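A.B. asks: Input: one structure, supplied below.
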Amino acid sequence: MSETNTALVWLRNDLRIADNPALLAACQSADRVVAIYVHETGPDIRPTTGAARWWLHESLKAIGASLASLGIALEIHEGDAAAALGRAVKDHSATGVHWNRRYAQGERATDTRIKTELRESGIEAHSYSGNLLAEPWTIKTGQERPYSVFTPFWKSLRNMAIERPLAAPTARRPLSPDTGVDKGYETPAWAEKLGQYWEIGEAAAQRVLSDFLDQKIEHYAGERDFPAKDATSGLSPHLRFGEISARQIWHAARMRSEIEPHLAENIEKFLSELAWRDFSYHQLYHRDDIARISMQENYADMPWREARPDLVRWQRGRTGFPIVDAGMRQLWETGYMHNRVRMLVASLLTKNLLIDWRQGEAWFWDCLVDADSANNPASWQWVAGSGLDAAPYFRIFNPVIQGERFDASGDYVRRWVPELAALPDRFIHCPFAAPMPVLRAAGVVLGKTYPEPITDLKQSRQRALEAYGQTKE
Ligand SMILES: Cc1cc2nc3c(=O)[nH]c(=O)nc-3n(C[C@H](O)[C@H](O)[C@H](O)COP(=O)(O)OP(=O)(O)OC[C@H]3O[C@@H](n4cnc5c(N)ncnc54)[C@H](O)[C@@H]3O)c2cc1C
């Protein structure tokens, strides 16, 4: 290895030091490593916006400091990735570029083009498996086809030997931790509030995982559907940006299961949820753009309503269905929404309100800190019924019944919809059914302090069944 041998590691959704194959390979191949992050623009890449962009910025700061302590500088670029990498290769006289794979069609096309261009100009270019439990093309049906149903996909994945996480590279000469990450990013006023809910970066992600395994996994299967309980891992934004890898989570959970066999059932449930993420990426990899195109073709003719006022009421958490409004306000305030409630709000939008799932997906994309290019569209299509292994079109969640079942004492609603807090439990999920004296005693004036329901659940259910029924013909 000569003194001037420099490799670049191109970071994308893998903002961690440990179990980062591209980073490790770059470190093993050269005596000097420079990390590059590109805020990519262009038609092939879905830009990270809103709350996730805020997270990304904080996460880059965190990994910038960790890299500096290893002796690796982090450079932030903007624009076309090929041009940015080309410039960086020249500036540093780099001999190789390393990255971990990504899976959307536009991303793959970009990466393939860059790999070819680099190799043609005599630069080594290598890609690695770092973001999923298993690469999407390695999981196949008996007929060598991609899976379209989760359960057999999960059985297949469960039987695979998931690669063990890699160690972090060893430190070189530390740099000053000035990473230049602040350049070009101003935290919008609305994003400042998010900071109070989250700790960002690789060390935080590892703490979240240990706390989950120490304190919450024991009740995961039984409590994960109850939004007032803090029963799930909270790992999704960390996974979204690769501050922790799915393989690290998998092996940590399995090791815990071996040490404490009484946790095995809950751990199995958790691993199967983690596998849904791989299943979403399986769909992203094998299908056309899943954020734009319904996976079931007959949904192309769905008679969606153009109903902007309804969409805005839904976005603002003013539908008049308390559990839906609680979820939409939790999303706006924290950048996160509980999974059960995500299903309920998506069902109200796409089924009762008959608004195109793409409009809900886009709102989530902007508001979620875990906005994920596979999980978000795949989950929206699951709820809307247009996905491959989707909820059947006739499953239309009733937000009142669901609220009574999963938030029986109304704690979740009271937290996020405080204007209803004084209602008795019996009416907390259906203020519109409460007698006038009950409303008055709770200080609720429907249509004034809290909205009337945006739709009649029975009639809109019927309308949805008819519209969805048409697509089946
Ligand atoms: C309409 C809708 C939109 C969604 N959008 C996203 C999104 O943009 N990003 C995202 O990460 N998840 C999304 N989900 C899936 C799920 O709601 C979140 O992953 C979960 O709530 C994150 O919380 P957690 O990390 O505490 O989950 P845990 O229950 O602790 O699960 C651990 C991990 O497993 C994965 N996982 C769990 N449930 C699912 C699921 N149903 N589908 C796919 N992966 C899952 C996630 O990576 C999660 O972090 C969406 C679900 C719905 C219904």
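We name chains A, B, ... following the order of the structure tokens; residues begin at 1 in each chain, and ligands are numbered from 1 as shown.
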Around ligand 1, which protein and nucleic acid residues have at least one atom no more than 7 Å from it, if we count only C-alpha atoms and all ligand atoms? List them as a compact mmCIF listing (two decimals) with C-alpha atoms, in the first residue's frame.
C.D. replies:
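What follows is the written file out05.txt:
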# COMPACT_ATOMS: atom_id res chain seq x y z
CA ARG A 224 -47.53 -3.91 20.44
CA THR A 232 -42.51 -1.38 20.41
CA SER A 233 -38.82 -0.83 19.77
CA GLY A 234 -38.83 2.68 18.29
CA LEU A 235 -36.03 1.54 15.97
CA SER A 236 -37.65 2.53 12.66
CA PRO A 237 -35.94 5.90 12.05
CA LEU A 239 -33.11 1.61 10.62
CA ARG A 240 -34.27 4.04 7.96
CA PHE A 270 -40.45 -9.15 16.75
CA GLU A 273 -42.08 -7.75 12.09
CA LEU A 274 -38.50 -6.92 11.19
CA ALA A 275 -38.89 -9.30 8.26
CA TRP A 276 -41.79 -7.16 6.94
CA ARG A 277 -39.15 -4.54 6.25
CA SER A 280 -41.16 -4.33 1.54
CA MET A 337 -47.14 7.36 14.54
CA HIS A 338 -47.93 4.05 16.17
CA ASN A 339 -48.32 1.17 13.67
CA ARG A 340 -51.91 0.27 14.59
CA ARG A 342 -51.08 4.20 10.88
CA MET A 343 -53.38 1.44 9.65
CA ALA A 346 -54.75 5.06 6.16
CA PHE A 364 -46.40 10.46 5.52
CA TRP A 365 -43.26 10.78 3.39
CA LEU A 368 -42.36 10.75 9.21
CA ASP A 370 -38.82 6.98 9.50
CA ALA A 371 -40.17 7.76 5.99
CA ASP A 372 -38.85 4.78 4.09
CA SER A 373 -38.91 4.29 0.34
CA ASN A 375 -41.95 0.45 3.94
CA ASN A 376 -44.04 3.55 3.35
CA PRO A 377 -45.47 2.80 -0.11
CA SER A 379 -47.66 -0.33 3.79
CA TRP A 380 -49.95 2.20 2.13
CA VAL A 383 -53.96 -0.88 3.67
A.B. asks: Name all residues at most 7 Å from segment 189-200 of chain A (count only C-alpha atoms; drop same-chain ones fewer than 2 positions away) and give them as an MDAnalysis selection string.
C.D. replies: chainID A and resid 51 54 58:59 187 204 333:335
A.B. asks: Got time to write the residues from that selection, N, CA and C atoms, as an mmCIF file, in the first residue's frame?
C.D. replies:
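Contents of out.cif, as written:
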data_model
loop_
_atom_site.group_PDB
_atom_site.id
_atom_site.type_symbol
_atom_site.label_atom_id
_atom_site.label_comp_id
_atom_site.auth_asym_id
_atom_site.auth_seq_id
_atom_site.Cartn_x
_atom_site.Cartn_y
_atom_site.Cartn_z
ATOM 1 N N ALA A 51 -39.468 15.929 7.741
ATOM 2 C CA ALA A 51 -38.953 15.456 9.024
ATOM 3 C C ALA A 51 -37.762 14.516 8.848
ATOM 4 N N TRP A 54 -34.627 16.407 8.330
ATOM 5 C CA TRP A 54 -34.081 16.897 9.603
ATOM 6 C C TRP A 54 -33.278 15.782 10.282
ATOM 7 N N GLU A 58 -29.131 15.586 11.270
ATOM 8 C CA GLU A 58 -28.591 15.286 12.614
ATOM 9 C C GLU A 58 -27.744 14.015 12.569
ATOM 10 N N SER A 59 -28.182 13.052 11.794
ATOM 11 C CA SER A 59 -27.477 11.779 11.727
ATOM 12 C C SER A 59 -26.114 11.957 11.032
ATOM 13 N N THR A 187 -32.273 24.427 10.102
ATOM 14 C CA THR A 187 -33.367 23.675 10.709
ATOM 15 C C THR A 187 -34.636 24.508 10.636
ATOM 16 N N ALA A 204 -27.033 6.071 19.935
ATOM 17 C CA ALA A 204 -28.416 6.125 20.414
ATOM 18 C C ALA A 204 -29.190 4.897 19.927
ATOM 19 N N GLU A 333 -46.500 16.224 15.475
ATOM 20 C CA GLU A 333 -45.725 16.696 16.616
ATOM 21 C C GLU A 333 -44.379 15.972 16.748
ATOM 22 N N THR A 334 -44.380 14.649 16.487
ATOM 23 C CA THR A 334 -43.184 13.859 16.824
ATOM 24 C C THR A 334 -42.475 13.263 15.607
ATOM 25 N N GLY A 335 -43.121 13.269 14.435
ATOM 26 C CA GLY A 335 -42.535 12.618 13.262
ATOM 27 C C GLY A 335 -42.741 11.112 13.273
#
A.B. asks: To one decimal place in Å, what is the distance between atom CA of Ile76 of chain A and atom CA of Ala26 of chain A?
C.D. replies: 17.8 Å
A.B. asks: Within 12 Å of Arg461 of chain A, counting only C-alpha atoms, which residues qualify if same-chain residues fewer than 4 places away don't, as a list in words?
C.D. replies: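 Those residues are Ser347, Leu348, Leu349, Thr350, Lys351, Asn352, Leu353, Leu354, Tyr393, Phe394, Arg395, Ile396, Phe397, Asn398, Pro399, Thr455, Asp456, Leu457, Leu465, Glu466, Ala467, Tyr468 and Gly469 of chain A.
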A.B. asks: For Ala291 of chain A, which of A:Ala104, A:Leu132, A:Ala433, A:Ile114 is the closest residue, counting only C-alpha atoms?
C.D. replies: A:Ala104
A.B. asks: Extract the full set of strand (DSSP E or B) residues from segment 102-350 of chain A according to DSSP on the backbone, and format it as a PyMOL selection string.
C.D. replies: chain A and resi 124-128
A.B. asks: So, counting only C-alpha atoms, which residue among A:Thr6, A:Asn20, A:Gln296, A:Thr48 is closest to Leu166 of chain A?
C.D. replies: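 For Leu166 of chain A, the nearest of the given residues is A:Asn20.
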A.B. asks: Considering only C-alpha atoms, return as a PyMOL selection string whatever protein or nucleic-acid residues lie within 12 Å of Asn100 of chain A, sequence-local ones (same chain, fewer than 5 positions apart) excluded.
C.D. replies: chain A and resi 9-16+19-26+107-108+111+125-132+135+242+245
A.B. asks: Pull N, CA and C atoms from the residues just selected and write them as a PDB file, in the first residue's frame.
C.D. replies:
ATOM      1  N   VAL A   9     -15.585   6.091   0.607  1.00  0.00           N
ATOM      2  CA  VAL A   9     -16.785   5.326   0.924  1.00  0.00           C
ATOM      3  C   VAL A   9     -17.966   6.269   0.695  1.00  0.00           C
ATOM      4  N   TRP A  10     -18.905   5.812  -0.128  1.00  0.00           N
ATOM      5  CA  TRP A  10     -20.068   6.635  -0.471  1.00  0.00           C
ATOM      6  C   TRP A  10     -21.215   6.200   0.453  1.00  0.00           C
ATOM      7  N   LEU A  11     -21.524   7.046   1.425  1.00  0.00           N
ATOM      8  CA  LEU A  11     -22.561   6.709   2.405  1.00  0.00           C
ATOM      9  C   LEU A  11     -23.939   7.079   1.860  1.00  0.00           C
ATOM     10  N   ARG A  12     -24.929   6.250   2.134  1.00  0.00           N
ATOM     11  CA  ARG A  12     -26.301   6.568   1.721  1.00  0.00           C
ATOM     12  C   ARG A  12     -27.238   6.291   2.895  1.00  0.00           C
ATOM     13  N   ASN A  13     -27.822   5.079   2.926  1.00  0.00           N
ATOM     14  CA  ASN A  13     -28.734   4.756   4.046  1.00  0.00           C
ATOM     15  C   ASN A  13     -28.022   3.865   5.050  1.00  0.00           C
ATOM     16  N   ASP A  14     -26.810   4.204   5.390  1.00  0.00           N
ATOM     17  CA  ASP A  14     -25.966   3.310   6.197  1.00  0.00           C
ATOM     18  C   ASP A  14     -25.056   4.142   7.101  1.00  0.00           C
ATOM     19  N   LEU A  15     -25.682   5.038   7.883  1.00  0.00           N
ATOM     20  CA  LEU A  15     -24.893   6.023   8.628  1.00  0.00           C
ATOM     21  C   LEU A  15     -24.411   5.434   9.960  1.00  0.00           C
ATOM     22  N   ARG A  16     -23.600   4.411   9.841  1.00  0.00           N
ATOM     23  CA  ARG A  16     -23.038   3.748  11.033  1.00  0.00           C
ATOM     24  C   ARG A  16     -21.601   3.327  10.741  1.00  0.00           C
ATOM     25  N   ASP A  19     -20.631  -2.827  11.475  1.00  0.00           N
ATOM     26  CA  ASP A  19     -21.376  -3.585  10.468  1.00  0.00           C
ATOM     27  C   ASP A  19     -21.663  -2.749   9.222  1.00  0.00           C
ATOM     28  N   ASN A  20     -20.642  -2.081   8.774  1.00  0.00           N
ATOM     29  CA  ASN A  20     -20.760  -1.305   7.540  1.00  0.00           C
ATOM     30  C   ASN A  20     -19.739  -1.869   6.533  1.00  0.00           C
ATOM     31  N   PRO A  21     -20.179  -2.828   5.704  1.00  0.00           N
ATOM     32  CA  PRO A  21     -19.228  -3.532   4.830  1.00  0.00           C
ATOM     33  C   PRO A  21     -18.453  -2.587   3.917  1.00  0.00           C
ATOM     34  N   ALA A  22     -19.124  -1.556   3.393  1.00  0.00           N
ATOM     35  CA  ALA A  22     -18.432  -0.653   2.462  1.00  0.00           C
ATOM     36  C   ALA A  22     -17.335   0.120   3.186  1.00  0.00           C
ATOM     37  N   LEU A  23     -17.649   0.608   4.374  1.00  0.00           N
ATOM     38  CA  LEU A  23     -16.667   1.373   5.147  1.00  0.00           C
ATOM     39  C   LEU A  23     -15.478   0.476   5.511  1.00  0.00           C
ATOM     40  N   LEU A  24     -15.793  -0.732   5.955  1.00  0.00           N
ATOM     41  CA  LEU A  24     -14.716  -1.643   6.357  1.00  0.00           C
ATOM     42  C   LEU A  24     -13.820  -1.976   5.159  1.00  0.00           C
ATOM     43  N   ALA A  25     -14.455  -2.249   4.013  1.00  0.00           N
ATOM     44  CA  ALA A  25     -13.664  -2.595   2.824  1.00  0.00           C
ATOM     45  C   ALA A  25     -12.791  -1.415   2.399  1.00  0.00           C
ATOM     46  N   ALA A  26     -13.348  -0.207   2.470  1.00  0.00           N
ATOM     47  CA  ALA A  26     -12.550   0.973   2.097  1.00  0.00           C
ATOM     48  C   ALA A  26     -11.340   1.068   3.019  1.00  0.00           C
ATOM     49  N   GLU A 107     -32.512   4.082  -8.120  1.00  0.00           N
ATOM     50  CA  GLU A 107     -31.245   4.057  -7.363  1.00  0.00           C
ATOM     51  C   GLU A 107     -30.282   3.043  -7.970  1.00  0.00           C
ATOM     52  N   ARG A 108     -30.831   1.872  -8.307  1.00  0.00           N
ATOM     53  CA  ARG A 108     -29.958   0.832  -8.883  1.00  0.00           C
ATOM     54  C   ARG A 108     -29.411   1.270 -10.228  1.00  0.00           C
ATOM     55  N   ASP A 111     -26.645   3.678  -9.606  1.00  0.00           N
ATOM     56  CA  ASP A 111     -25.437   3.031  -9.068  1.00  0.00           C
ATOM     57  C   ASP A 111     -24.711   2.221 -10.142  1.00  0.00           C
ATOM     58  N   ALA A 125     -14.586   0.036  -8.206  1.00  0.00           N
ATOM     59  CA  ALA A 125     -15.902   0.361  -7.642  1.00  0.00           C
ATOM     60  C   ALA A 125     -16.527  -0.925  -7.131  1.00  0.00           C
ATOM     61  N   HIS A 126     -16.900  -0.942  -5.850  1.00  0.00           N
ATOM     62  CA  HIS A 126     -17.432  -2.163  -5.257  1.00  0.00           C
ATOM     63  C   HIS A 126     -18.686  -1.867  -4.447  1.00  0.00           C
ATOM     64  N   SER A 127     -19.689  -2.722  -4.587  1.00  0.00           N
ATOM     65  CA  SER A 127     -20.908  -2.566  -3.779  1.00  0.00           C
ATOM     66  C   SER A 127     -21.077  -3.785  -2.880  1.00  0.00           C
ATOM     67  N   TYR A 128     -21.768  -3.566  -1.749  1.00  0.00           N
ATOM     68  CA  TYR A 128     -21.856  -4.607  -0.717  1.00  0.00           C
ATOM     69  C   TYR A 128     -23.287  -4.712  -0.204  1.00  0.00           C
ATOM     70  N   SER A 129     -23.533  -5.828   0.483  1.00  0.00           N
ATOM     71  CA  SER A 129     -24.837  -6.035   1.099  1.00  0.00           C
ATOM     72  C   SER A 129     -24.778  -5.531   2.547  1.00  0.00           C
ATOM     73  N   GLY A 130     -25.504  -4.439   2.829  1.00  0.00           N
ATOM     74  CA  GLY A 130     -25.404  -3.899   4.188  1.00  0.00           C
ATOM     75  C   GLY A 130     -26.720  -3.461   4.793  1.00  0.00           C
ATOM     76  N   ASN A 131     -27.802  -3.430   3.995  1.00  0.00           N
ATOM     77  CA  ASN A 131     -29.012  -2.778   4.505  1.00  0.00           C
ATOM     78  C   ASN A 131     -30.136  -3.719   4.908  1.00  0.00           C
ATOM     79  N   LEU A 132     -30.075  -4.950   4.447  1.00  0.00           N
ATOM     80  CA  LEU A 132     -31.199  -5.867   4.692  1.00  0.00           C
ATOM     81  C   LEU A 132     -30.705  -7.129   5.390  1.00  0.00           C
ATOM     82  N   GLU A 135     -30.277 -10.231   0.688  1.00  0.00           N
ATOM     83  CA  GLU A 135     -30.497  -9.507  -0.568  1.00  0.00           C
ATOM     84  C   GLU A 135     -31.789  -9.993  -1.218  1.00  0.00           C
ATOM     85  N   GLY A 242     -29.989   3.646   8.600  1.00  0.00           N
ATOM     86  CA  GLY A 242     -28.901   2.689   8.759  1.00  0.00           C
ATOM     87  C   GLY A 242     -27.986   3.003   9.924  1.00  0.00           C
ATOM     88  N   SER A 245     -28.003  -1.786  11.848  1.00  0.00           N
ATOM     89  CA  SER A 245     -28.364  -2.643  10.713  1.00  0.00           C
ATOM     90  C   SER A 245     -29.383  -3.682  11.158  1.00  0.00           C
TER      91      SER A 245
END
